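**Student:** Structure below; questions to follow.
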Amino acid sequence: MAPIASELFRIRTFHSDMVPTSDIYHPAGRSGAEAGTASLASLIATQVEHAPDALLDYSPFPPIVSNDPAYHLHPGARDAFRGESDPDDETWRDVAEAVLAVRDGRITLWQELEKTLSDVDTASHLERTLNGLDTGDLTPQVTGMFVQLARNATSYNGVKWGIVFGALDEDASVDELLMLLIRHAEFTPYAFAAMEARGGGHGDAVAEEDQPDAGNHDAEGSEPGDAAGMEAGQAPAGDDLYPFSLLRITGGWGIAQLVRSLLEGRVDAPGWRSLVILGMRNGGPARTTIATLLDTSFDPRSLVEDALAENDRELAVAILRWLVASAFANNFNHQSAWAAGVWTQIDSVLALIQGMTPSIETMEALYALGGTSDIAAIDAGDLSGARGGAQFLTEDQLETAVNLMGERIASELLGEVLADPEHRVIALSIINDLHLGELYPAVAALCRADPSTLAITTLMAIGDEDTAGTLLELLPDPDELAARAAYGLEAEAKRAEAAETAPESEPDGFFDDAEPADDVQPELEGAAIDGYDGRRYERTTIYGAIITNIGTLGNEEARRWIVTAGTDYHPFVRSAALMAMRDLPLELIDEECRELLRNALEGTEMSLWITADETVQVLGLEDELGLENR
């Protein structure tokens, strides 16, 4: 028997140095689904049924965990940036054995299959698994079972392995399943590879004889992105054809994988406009990587000319996003050959945007450019606070961007956007930077309904006389504080027990200020410590953000909250308490506060030591605490 052609499921990776770490990891947050409660395919299907044209909201899905409990991975990032697999890791044999067990009738239920495969990383073991099996091993019984796995699995690896082998099943319903799963960035590269392997009547995008000259690299005298011959405002005819239509239903690292695949040998097909517009609109955390991919395939200068000729403002916004994203990806190397030519086009792009109807997309593009720098400072000729791409602009260009930003700010629009998780971060950032106090009620309502550190920080930035009351509303209730205290005591006991039984080793490092390791973390009945599906870290960061600002109340109630937080189990909250002391009047710094400072200065947690040291200096307590000769 011939081995399976592993190149059919070649999942390409990116270089990890192409993007900032923040584009791979994001702070751990709440998730509405827990493993074992609903199939991942059904979670996708539910959203598609209600909003078939919208990108997925990932909050109902189980988190994609990383090694650091404080962070999760953006969907699709693990496969996009996976490292080399360990050649000594033979786990792939578990997958091969599972396939043979299904073939021989030893596994007869998809649930048994998922139990075996849910913890086997797909990308790391894919190639050796395929090379270790023969085509004859994949009987209809096997492929049918893996289709069931892809359709019903509650684990990400279960769905991925289901796609890999289920794609070889001849049932026509598999095509519909793949079109559903491709929407989730964690499955996009697998589903796309499966769709290509199946053919399904899609073929390689568009036959050459069916392609118009527009955008065709092979067309005589044309350049990449050349739109000659198209009517003004008309999108390339191929935008609705497979595989370019997939760009509209994918996002984040999923769209990055698609863009990469489409650019590899497919640039001559119509759809370049979709690559730029949808890549920059829906790329999310992968936008800088998508910009880098586009840089090697298209000339932004020619696209600007096309946008101007056709008055295509949507393309203009995409180009502006592209310029900024690429600047980030290239570490703002203004001297690079690419950047030197691109930034000369900024006047034209700004002129095109100037006549656009205000939208969150135009505001985001201008914001990324640095257009939310302090207007008063720019009027005074001070560009020291310019951010991002703004450092490449002349004073006149930056002033134009700022003025456009000011004209575009509509409180009603930003208030509406706050309800949309997809744009909430950018809206809060704009509100924060421009100190839009008129949106205080909307931000306060958001903090009450769905608190986050950014929302709380924004609330403080635009605060009014009601801020103190809102902060107090958001503080943990007595039951949660009791649970946090119990958790800390139980975790401390577990750590002590582990230290007694563990072999002798080097003492903990000075920087050891993380949460207790998983093997010494007690379980909490009912997850009372969090209130959000038992996720301690999210509630901890929110609690810390509130405490950091509570000192501004300047009263005895604030002092009591600070002292309580100063004994919390998590060093992040304790550090927030130490910072909050700086805002208290000196007469409220009593012995309890001083004792918290002493404990931090005498401890071994570096972050707490630094925070306490700075607080002591701010309050001028060196002599009182006997630290004058440190």
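Identifiers in the structure tokens: chain A, B, ... in order shown; residue index from 1 per chain; ligand index from 1 in order shown.
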Neighbouring residues of Trp322 in chain A were defined as those with any atom within 9 Å, considering only C-alpha atoms; residues of the same chain fewer than 3 positions away were excluded. Please report them as a list in words.
**Tutor:**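 After dropping sequence-adjacent residues, the list is Val276, Gly279, Met280, Arg287, Thr288, Ile290, Ala291, Thr292, Leu294, Asp295, Pro300, Val317, Ala318, Ile319, Ala325, Ser326 and Ala327 of chain A.
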**Student:** For Asn282 in chain A, work out the shell of residues within 8 Å, counting only C-alpha atoms and skipping chain neighbours fewer than 6 positions away, then give it as a PDB file with N, CA and C atoms, in the first residue's frame.
**Tutor:**
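File part37.pdb, as written:
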ATOM      1  N   THR A 250     -13.835  34.359   7.503  1.00  0.00           N
ATOM      2  CA  THR A 250     -12.756  34.009   8.419  1.00  0.00           C
ATOM      3  C   THR A 250     -12.131  35.291   8.969  1.00  0.00           C
ATOM      4  N   GLY A 251     -11.375  35.152  10.033  1.00  0.00           N
ATOM      5  CA  GLY A 251     -10.730  36.304  10.643  1.00  0.00           C
ATOM      6  C   GLY A 251      -9.505  35.894  11.431  1.00  0.00           C
ATOM      7  N   GLY A 252      -8.752  36.887  11.929  1.00  0.00           N
ATOM      8  CA  GLY A 252      -7.589  36.619  12.766  1.00  0.00           C
ATOM      9  C   GLY A 252      -6.555  35.757  12.074  1.00  0.00           C
ATOM     10  N   ILE A 255      -7.633  34.058   8.769  1.00  0.00           N
ATOM     11  CA  ILE A 255      -7.512  34.808   7.514  1.00  0.00           C
ATOM     12  C   ILE A 255      -6.046  34.951   7.119  1.00  0.00           C
TER      13      ILE A 255
END
**Student:** Counting only C-alpha atoms, figure out which residue out of A:Leu109, A:Leu352, A:Val573, A:Ala167 gets nearest to Tyr543 in chain A.
**Tutor:**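 Of A:Leu109, A:Leu352, A:Val573, A:Ala167, the one nearest Tyr543 in chain A is A:Val573, counting only C-alpha atoms.
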**Student:** One number please: CA of Glu114 in chain A to CA of Leu149 in chain A, in Å, one decimal.
**Tutor:** 6.9 Å
**Student:** Report as a ChimeraX atom specification all protein, DNA and RNA residues lying within 8 Å of Arg198 in chain A, evaluated on only C-alpha atoms, omitting residues in the same chain fewer than 2 positions from it.
**Tutor:** /A:167-168,194-196,200
**Student:** My list of candidates is A:Asp450, A:Glu412, A:Glu395, A:Asp623. Which is closest to Leu436 in chain A when distances are computed with only C-alpha atoms?
**Tutor:**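 Looking only at the distances to Leu436 in chain A, the closest residue turns out to be A:Glu412.
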